[in-house]
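**Student:** So that we are looking at the same thing, I have put the structure below in structure tokens.
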Amino acid sequence: MLGLRARGQTLPIWAMGLGAALVLAFSALQYGEVLRWQIRAQNAADAAAAGALSVQTSAWNQQMAVMYAASVEEWRIRNLLEAMVVASAGDSGCARGNSTNCQPLYNSLKDQYARAVARYTTDVQLMSRVSQYTLPQAQADAKAIVADFQRNCGKANGGDCGVSYTVTDVRKRVGDLNDVQQDGGAWVVNGIAPARVKDDYTPAQIEIVTCAKVPPLVPGFLNFTPPTFTAVGRAAATSAMVTEEWIQPGVIVNPQTGKPFQPPEDFSGGTTTATGPNGHNWFVNDFGGNAAKAFPLSNAYSERINGPEFSAVTGWWSTIPIKPYSGALAPGSYSCATS
Amino acid sequence: MKFSRGAALPETVVVLGLSLTLLYGTFELGLIGYTQLSADGAAFVAAHAAVLGNDPSAAIASPFPMANGAKVTLTQNPPEDTNVPVDYQSSQAQQNNRHGGVQVVRPSRTQVTIGQTGGIGGGVLGQFDVAGAFIEGNMLVSDTGFDLNGYAINDPTAKMNGYFADDGNAPPYFIGFRYMWHCDLPVQNNGCGHSVMAALGMAEYLNGGNWNQPANGIGPGAVYAAMLLHQQVYANILNNGELPQSVGGGNRPITWTTPCLQTVAAWDVDVPAGYPIGQKAIGFYPFSPLYRNPAC
């Protein structure tokens, strides 16, 4: 009897042990599946939020690029006007003893002026096209982009096919913005008072929820049916100036060419001499630049104007992640797909 | 029977011992995997929470009960180097020779490491340690104030601010200094009789002066109204015959008194040469880029 009992004890031990191990393994796998989907949903939300405001940031980057091109052209126009004024007065830089010697240069300057104004006209027309973008358009575009993520899921530029995307909010950024002011003697970023700016030029912010209903790895056994898991990702982003640059392109060297971004332009082709103040040649368009002294402890610069200077203070736009801002998610405020 | 009876006990001991060891190992292995998953997931959530300004420990408390009491280590690593070799002459020795500057919003690398201890029976029957780690980008403004600190752009010790705590939290803007020698007194057959350093009131700017214009675009009352106005004035200088056909002899030189050229000159303000910037209040030299002589 003892022998029979002893032999019979091994099977239940193995059965119980194997069952327990299977349950544990299933639990671990299911837990891993839950985590995997949670991370997947969060990554999908992060990516969608980052991409959804790209039309607004692109529109502003286009305006920055056109403004730079137009300002270079207007600077050239202004220098050409000065050159024509001085040439018309028979400046010795071109007269070489007889003011009528300035005539060929004057004719050339007028021709260069006409071409510069034509290019400037093109820049202004381009600005007209790229500066119509509004906040309602940014909101509509953001929703359209997220809808495209969903529609083109699994393809290039598409989203994650396993989740549903919902734009729960898109609006202009809440909170004060730093003011930026310029005049002839100084410019200030982050002035005393907050900026007063209309909606179309206020950075937008967006919040996105992704959701997936994830069935259990093992559908069910005996009388036990594991519950469906709901993975929810939530992310927000806002448009931001991700670089800010103060450049003097007449001095700063372009690493690709080893020369300044905007080298001097000699309107006369090297036929004139300098007769202006501080060795200035009226017939050379020098984008110039003045050295500034930094006072790190005062967070300020001081710059002494000793010669011409063309400088630009601007930056480039992209999106950065921010904390979701619209409070608790209301049930039913977002869709949820079954993966 | 005697032999069978005698073998049952040691057989049971061997089988039971082996079975329990295997079962223990299986449980332990499963538990290690389970705990590792928990640590990895908690690190992801904690890093995400940390860069958004939330409490990482609080963020993992509910979804990762196993991680309660775990050691959460937060490490702030500098951003990856940028490889744009633009020389703004930024070293301390060059503070008197700066030409511009740059600041960049870059993701510093926030790393969260979760250290958990586990084991069957609370570790009574053997204890193990696992660690999960995740790195998330934390958007900070490096080299704040246009690299005012004098650090090179990739210097890991450079001061960094959160985006919303920095002066980069602005609407889109485009401004700048445009100083030019302006011949305000041309003298016939004698070139320029007098010149000044003019700060140009050019049309290209976007700042607090026009963010609130009622319309978009370039038309009257629009954000970029000055651009269209300036284009028309420059074109009219040609079209209205304000530029003579020939120079010298009996021809009067071009002056800044004809309607369109007078308009151009009125956009600017004169700045005394050598005047140090930054020592006068804002608005001391206001431009007038929207001025237009009615005859132009």
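In the structure tokens, chains take the letters A, B, ... in the order shown, each chain's residues start at 1, and ligands count up from 1 in the order shown.
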So which residues touch Gln94 (chain B) within 10 Å, counting only C-alpha atoms, skipping near sequence neighbours fewer than 6 positions away, as a VMD selection string?
**Tutor:** (chain A and resid 291 to 294) or (chain B and resid 88 150)
**Student:** Excluding same-chain residues fewer than 3 positions from Gln245 (chain B), what lies within 10 Å of it counting only C-alpha atoms, as a list in words?
**Tutor:** Ser88, Gln103, Tyr106, Asn107 and Lys110 of chain A; Gly241, Glu242 and Asn251 of chain B
**Student:** Could you write those residues out with C-alpha atoms, as a PDB file, in the first residue's frame?
**Tutor:**
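Now in result-v2.pdb:
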```pdb
ATOM      1  CA  SER A  88      25.234 111.565 -59.764  1.00  0.00           C
ATOM      2  CA  GLN A 103      28.178 108.274 -66.304  1.00  0.00           C
ATOM      3  CA  TYR A 106      25.685 105.522 -63.046  1.00  0.00           C
ATOM      4  CA  ASN A 107      24.007 103.744 -65.981  1.00  0.00           C
ATOM      5  CA  LYS A 110      20.468 102.192 -62.519  1.00  0.00           C
TER       6      LYS A 110
ATOM      7  CA  GLY B 241      11.729 109.892 -63.106  1.00  0.00           C
ATOM      8  CA  GLU B 242      13.426 110.704 -59.816  1.00  0.00           C
ATOM      9  CA  ASN B 251      22.595 118.107 -64.284  1.00  0.00           C
TER      10      ASN B 251
END
```
**Student:** Where in region 42-240 of chain B does DSSP assign strand (DSSP E), given as number ranges by chain?
**Tutor:** B: 71-77, 100-118, 128-142, 160-162, 178-187, 191-199
**Student:** Between CA of Ser62 (chain B) and CA of Ser333 (chain A), what distance in Å does the model show, to one decimal?
**Tutor:**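 Going from CA of Ser62 (chain B) over to CA of Ser333 (chain A) covers 22.7 Å.
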**Student:** Could you pull out all residues of region 78-114 of chain A with a DSSP call of helix (DSSP H, G or I) and give them as a PyMOL selection string?
**Tutor:** chain A and resi 78-88+92-95+99-114
**Student:** Can you spit out the residues from that selection as a compact mmCIF listing (two decimals), in the first residue's frame, using N, CA, C and O atoms?
**Tutor:**
```txt
# COMPACT_ATOMS: atom_id res chain seq x y z
N ARG A 78 19.05 99.82 -51.01
CA ARG A 78 19.42 101.04 -50.30
C ARG A 78 20.88 101.43 -50.60
O ARG A 78 21.21 102.60 -50.72
N ASN A 79 21.74 100.43 -50.70
CA ASN A 79 23.14 100.73 -51.03
C ASN A 79 23.26 101.23 -52.46
O ASN A 79 24.09 102.10 -52.76
N LEU A 80 22.44 100.67 -53.36
CA LEU A 80 22.46 101.15 -54.74
C LEU A 80 21.98 102.59 -54.83
O LEU A 80 22.52 103.40 -55.60
N LEU A 81 20.97 102.94 -54.05
CA LEU A 81 20.48 104.32 -54.04
C LEU A 81 21.59 105.27 -53.58
O LEU A 81 21.81 106.34 -54.18
N GLU A 82 22.29 104.89 -52.51
CA GLU A 82 23.39 105.74 -52.03
C GLU A 82 24.46 105.87 -53.11
O GLU A 82 24.99 106.97 -53.35
N ALA A 83 24.76 104.75 -53.77
CA ALA A 83 25.79 104.78 -54.81
C ALA A 83 25.36 105.68 -55.96
O ALA A 83 26.17 106.45 -56.50
N MET A 84 24.07 105.64 -56.32
CA MET A 84 23.58 106.49 -57.42
C MET A 84 23.60 107.96 -57.02
O MET A 84 23.93 108.84 -57.84
N VAL A 85 23.23 108.24 -55.77
CA VAL A 85 23.26 109.63 -55.30
C VAL A 85 24.68 110.19 -55.41
O VAL A 85 24.91 111.30 -55.93
N VAL A 86 25.64 109.41 -54.94
CA VAL A 86 27.02 109.88 -54.93
C VAL A 86 27.58 109.94 -56.35
O VAL A 86 28.30 110.90 -56.70
N ALA A 87 27.25 108.95 -57.17
CA ALA A 87 27.73 108.97 -58.56
C ALA A 87 27.15 110.16 -59.32
O ALA A 87 27.84 110.81 -60.12
N SER A 88 25.87 110.45 -59.06
CA SER A 88 25.23 111.56 -59.76
C SER A 88 25.85 112.90 -59.36
O SER A 88 25.74 113.90 -60.08
N SER A 92 34.51 111.75 -56.52
CA SER A 92 35.86 111.51 -57.05
C SER A 92 36.20 110.03 -57.10
O SER A 92 37.12 109.63 -57.80
N GLY A 93 35.42 109.22 -56.36
CA GLY A 93 35.67 107.77 -56.40
C GLY A 93 35.44 107.19 -57.78
O GLY A 93 36.02 106.16 -58.13
N CYS A 94 34.56 107.84 -58.57
CA CYS A 94 34.32 107.37 -59.93
C CYS A 94 34.70 108.41 -60.98
O CYS A 94 34.87 108.08 -62.16
N ALA A 95 34.87 109.69 -60.55
CA ALA A 95 35.06 110.76 -61.53
C ALA A 95 36.47 110.78 -62.12
O ALA A 95 36.64 111.10 -63.30
N SER A 99 33.68 114.71 -63.64
CA SER A 99 32.46 114.09 -63.11
C SER A 99 31.70 113.30 -64.16
O SER A 99 30.97 112.36 -63.84
N THR A 100 31.85 113.67 -65.45
CA THR A 100 31.12 112.91 -66.49
C THR A 100 31.66 111.49 -66.62
O THR A 100 31.00 110.63 -67.21
N ASN A 101 32.84 111.23 -66.05
CA ASN A 101 33.36 109.85 -66.07
C ASN A 101 32.51 108.90 -65.24
O ASN A 101 32.65 107.68 -65.36
N CYS A 102 31.67 109.47 -64.39
CA CYS A 102 30.80 108.63 -63.55
C CYS A 102 29.59 108.11 -64.33
O CYS A 102 28.83 107.28 -63.82
N GLN A 103 29.38 108.63 -65.55
CA GLN A 103 28.18 108.27 -66.30
C GLN A 103 28.04 106.76 -66.56
O GLN A 103 26.97 106.20 -66.31
N PRO A 104 29.09 106.08 -67.07
CA PRO A 104 28.91 104.62 -67.31
C PRO A 104 28.55 103.87 -66.03
O PRO A 104 27.70 102.97 -66.05
N LEU A 105 29.20 104.23 -64.93
CA LEU A 105 28.88 103.56 -63.66
C LEU A 105 27.45 103.87 -63.25
O LEU A 105 26.71 102.98 -62.80
N TYR A 106 27.06 105.13 -63.41
CA TYR A 106 25.68 105.52 -63.05
C TYR A 106 24.66 104.70 -63.85
O TYR A 106 23.67 104.21 -63.30
N ASN A 107 24.93 104.54 -65.15
CA ASN A 107 24.01 103.74 -65.98
C ASN A 107 23.94 102.30 -65.48
O ASN A 107 22.87 101.70 -65.42
N SER A 108 25.12 101.77 -65.11
CA SER A 108 25.17 100.40 -64.60
C SER A 108 24.41 100.30 -63.28
O SER A 108 23.68 99.33 -63.03
N LEU A 109 24.57 101.31 -62.43
CA LEU A 109 23.89 101.29 -61.12
C LEU A 109 22.38 101.32 -61.31
O LEU A 109 21.63 100.63 -60.60
N LYS A 110 21.92 102.14 -62.26
CA LYS A 110 20.47 102.19 -62.52
C LYS A 110 19.95 100.84 -62.99
O LYS A 110 18.87 100.38 -62.57
N ASP A 111 20.74 100.20 -63.85
CA ASP A 111 20.34 98.88 -64.33
C ASP A 111 20.31 97.87 -63.18
O ASP A 111 19.36 97.07 -63.05
N GLN A 112 21.34 97.92 -62.33
CA GLN A 112 21.38 97.00 -61.18
C GLN A 112 20.22 97.29 -60.23
O GLN A 112 19.64 96.38 -59.64
N TYR A 113 19.90 98.58 -60.10
CA TYR A 113 18.78 98.96 -59.22
C TYR A 113 17.46 98.38 -59.75
O TYR A 113 16.67 97.81 -58.99
N ALA A 114 17.25 98.50 -61.05
CA ALA A 114 16.00 97.99 -61.64
C ALA A 114 15.89 96.48 -61.42
O ALA A 114 14.81 95.96 -61.10
```
**Student:** Which neighbours of Asn281 (chain A) fall inside 9 Å, counting only C-alpha atoms, when residues of the same chain fewer than 5 positions from it are skipped, and could you give them as a ChimeraX atom specification?
**Tutor:** /A:83,93,272-276,286
**Student:** Do a neighbour search on Ile120 (chain B) at 10 Å with only C-alpha atoms, toss out local chain neighbours closer than 5 positions, and write the hits as a list in words.
**Tutor:** Tyr24, Phe27, Glu28, Leu31, Ile32, Leu125, Gly126, Gln127 and Phe128 of chain B
**Student:** At a cut-off of 8 Å, using only C-alpha atoms, what residues contact Leu200 (chain B)? Leave out same-chain residues fewer than 5 positions from it and give the result as a list of chain:residue names.
**Tutor:**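 Near Leu200 (chain B), the qualifying residues are A:Gly184, B:Phe177, B:Arg178, B:Tyr179, B:Met180, B:Trp267, B:Asp268, B:Val269, B:Phe287.
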**Student:** Using only C-alpha atoms, which protein or nucleic acid residues come within 8 Å of Val124 (chain A)? Drop anything in the same chain fewer than 2 positions from it, and give the result as a list in words.
**Tutor:**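 Answer for this query is Ala70, Tyr120, Thr121, Thr122, Leu126, Met127 and Ser128 of chain A; Ile218, Met227, Leu228 and Gln231 of chain B.
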**Student:** Please identify all polymer residues within 12 Å of Gln262 (chain B), counting only C-alpha atoms, omitting same-chain residues fewer than 2 positions from it, and present them as a list in words.
**Tutor:**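 So, after excluding close chain neighbours, the residues are Asp184, Val233, Tyr234, Ile237, Glu242, Ile254, Thr255, Trp256, Thr257, Thr258, Pro259, Cys260, Val264, Ala265, Ala266, Trp267, Asp268, Tyr291, Arg292, Asn293, Pro294, Ala295 and Cys296 of chain B.
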**Student:** How many Å separate CA of Thr144 (chain B) from CA of Ala300 (chain A)?
**Tutor:**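 Interatomic distance here is 11.4 Å.
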**Student:** Counting only C-alpha atoms, which residue out of A:Gly220, A:Gly162, A:Pro331, A:Gly250 sits closest to chain B?
**Tutor:**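 Ranked by minimum distance to chain B, first place goes to A:Gly250.
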**Student:** Counting only C-alpha atoms, which of A:Pro260, A:Gly90, A:Gly19, A:Gly269 gets nearest to Arg252 (chain B)?
**Tutor:**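 Checking each of A:Pro260, A:Gly90, A:Gly19, A:Gly269 against Arg252 (chain B), counting only C-alpha atoms, the winner is A:Gly90.
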**Student:** Mind running region 93-183 of chain A against region 203-214 of chain A at 6 Å and telling me each contacting residue's nearest atom pair with the distance in Å (one decimal), counting only C-alpha atoms, chain and number ascending, as JSON lines?
**Tutor:**
```
{"residue": "A:Val163", "atom": "CA", "partner": "A:Ala212", "partner_atom": "CA", "distance": 4.8}
{"residue": "A:Ser164", "atom": "CA", "partner": "A:Cys211", "partner_atom": "CA", "distance": 5.2}
{"residue": "A:Tyr165", "atom": "CA", "partner": "A:Thr210", "partner_atom": "CA", "distance": 4.7}
{"residue": "A:Thr166", "atom": "CA", "partner": "A:Val209", "partner_atom": "CA", "distance": 5.2}
{"residue": "A:Val167", "atom": "CA", "partner": "A:Ile208", "partner_atom": "CA", "distance": 4.6}
{"residue": "A:Thr168", "atom": "CA", "partner": "A:Ile208", "partner_atom": "CA", "distance": 5.6}
{"residue": "A:Asp169", "atom": "CA", "partner": "A:Glu207", "partner_atom": "CA", "distance": 5.2}
{"residue": "A:Val170", "atom": "CA", "partner": "A:Ile206", "partner_atom": "CA", "distance": 4.2}
{"residue": "A:Arg171", "atom": "CA", "partner": "A:Ala204", "partner_atom": "CA", "distance": 5.5}
{"residue": "A:Lys172", "atom": "CA", "partner": "A:Ala204", "partner_atom": "CA", "distance": 4.1}
{"residue": "A:Arg173", "atom": "CA", "partner": "A:Ala204", "partner_atom": "CA", "distance": 4.9}
```
**Student:** Go ahead and write the residues just picked, all heavy atoms, as a short mmCIF file (atom, residue, chain, number, x, y, z; two decimals), in the first residue's frame.
**Tutor:**
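Below is the file that was written, again_34.cif:
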```cif
data_model
loop_
_atom_site.label_atom_id
_atom_site.label_comp_id
_atom_site.auth_asym_id
_atom_site.auth_seq_id
_atom_site.Cartn_x
_atom_site.Cartn_y
_atom_site.Cartn_z
N VAL A 163 -3.52 51.47 -33.31
CA VAL A 163 -4.16 52.39 -32.37
C VAL A 163 -5.11 53.34 -33.10
O VAL A 163 -4.98 53.57 -34.31
CB VAL A 163 -3.12 53.24 -31.58
CG1 VAL A 163 -2.17 52.36 -30.81
CG2 VAL A 163 -2.36 54.17 -32.52
N SER A 164 -6.04 53.88 -32.35
CA SER A 164 -6.91 54.96 -32.85
C SER A 164 -6.33 56.29 -32.41
O SER A 164 -5.89 56.43 -31.26
CB SER A 164 -8.32 54.84 -32.27
OG SER A 164 -8.92 53.66 -32.68
N TYR A 165 -6.34 57.25 -33.31
CA TYR A 165 -5.82 58.58 -32.99
C TYR A 165 -6.99 59.54 -32.79
O TYR A 165 -7.90 59.58 -33.61
CB TYR A 165 -4.96 59.12 -34.13
CG TYR A 165 -3.65 58.39 -34.34
CD1 TYR A 165 -3.60 57.24 -35.12
CD2 TYR A 165 -2.47 58.86 -33.78
CE1 TYR A 165 -2.39 56.58 -35.34
CE2 TYR A 165 -1.27 58.20 -33.98
CZ TYR A 165 -1.23 57.06 -34.76
OH TYR A 165 -0.05 56.41 -34.97
N THR A 166 -6.96 60.32 -31.73
CA THR A 166 -7.98 61.34 -31.51
C THR A 166 -7.30 62.65 -31.12
O THR A 166 -6.48 62.67 -30.19
CB THR A 166 -8.95 60.94 -30.38
OG1 THR A 166 -9.48 59.65 -30.67
CG2 THR A 166 -10.08 61.94 -30.25
N VAL A 167 -7.61 63.71 -31.84
CA VAL A 167 -7.15 65.04 -31.42
C VAL A 167 -8.14 65.54 -30.39
O VAL A 167 -9.27 65.88 -30.72
CB VAL A 167 -7.06 66.01 -32.62
CG1 VAL A 167 -6.66 67.41 -32.14
CG2 VAL A 167 -6.07 65.50 -33.65
N THR A 168 -7.75 65.55 -29.15
CA THR A 168 -8.69 65.98 -28.11
C THR A 168 -8.71 67.49 -27.95
O THR A 168 -9.68 68.04 -27.43
CB THR A 168 -8.33 65.34 -26.75
OG1 THR A 168 -6.96 65.60 -26.47
CG2 THR A 168 -8.58 63.85 -26.79
N ASP A 169 -7.64 68.16 -28.41
CA ASP A 169 -7.63 69.62 -28.31
C ASP A 169 -6.53 70.18 -29.19
O ASP A 169 -5.44 69.61 -29.27
CB ASP A 169 -7.38 70.06 -26.85
CG ASP A 169 -7.52 71.56 -26.68
OD1 ASP A 169 -8.66 72.05 -26.69
OD2 ASP A 169 -6.49 72.25 -26.59
N VAL A 170 -6.83 71.28 -29.86
CA VAL A 170 -5.78 72.05 -30.55
C VAL A 170 -6.20 73.50 -30.50
O VAL A 170 -7.31 73.87 -30.89
CB VAL A 170 -5.53 71.54 -31.99
CG1 VAL A 170 -6.80 71.48 -32.82
CG2 VAL A 170 -4.48 72.39 -32.70
N ARG A 171 -5.33 74.32 -29.98
CA ARG A 171 -5.66 75.73 -29.77
C ARG A 171 -4.38 76.56 -29.75
O ARG A 171 -3.28 76.01 -29.83
CB ARG A 171 -6.39 75.90 -28.44
CG ARG A 171 -5.50 75.57 -27.24
CD ARG A 171 -6.16 75.86 -25.92
NE ARG A 171 -6.94 74.73 -25.44
CZ ARG A 171 -7.42 74.64 -24.20
NH1 ARG A 171 -7.22 75.62 -23.35
NH2 ARG A 171 -8.10 73.60 -23.81
N LYS A 172 -4.54 77.87 -29.62
CA LYS A 172 -3.35 78.70 -29.47
C LYS A 172 -2.76 78.45 -28.09
O LYS A 172 -3.48 78.11 -27.15
CB LYS A 172 -3.66 80.17 -29.68
CG LYS A 172 -4.54 80.79 -28.61
CD LYS A 172 -4.66 82.28 -28.84
CE LYS A 172 -5.49 82.93 -27.74
NZ LYS A 172 -5.54 84.38 -27.85
N ARG A 173 -1.44 78.63 -27.99
CA ARG A 173 -0.78 78.34 -26.72
C ARG A 173 -1.29 79.26 -25.63
O ARG A 173 -1.48 80.45 -25.84
CB ARG A 173 0.73 78.51 -26.86
CG ARG A 173 1.49 77.97 -25.64
CD ARG A 173 2.93 78.40 -25.64
NE ARG A 173 3.67 77.88 -26.74
CZ ARG A 173 4.86 78.35 -27.12
NH1 ARG A 173 5.40 79.37 -26.50
NH2 ARG A 173 5.50 77.82 -28.13
#
```
**Student:** To one decimal place, how far is CA of Gly100 (chain B) from CA of Val251 (chain A) in Å?
**Tutor:**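 It comes out at 9.3 Å.
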**Student:** Of the residues B:Gly191, B:Pro156, B:Gly69, B:Gly201, which is the one nearest to Ser142 (chain B), using only C-alpha atoms?
**Tutor:**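 Answer, going by the shortest atom-to-atom distance: B:Pro156.
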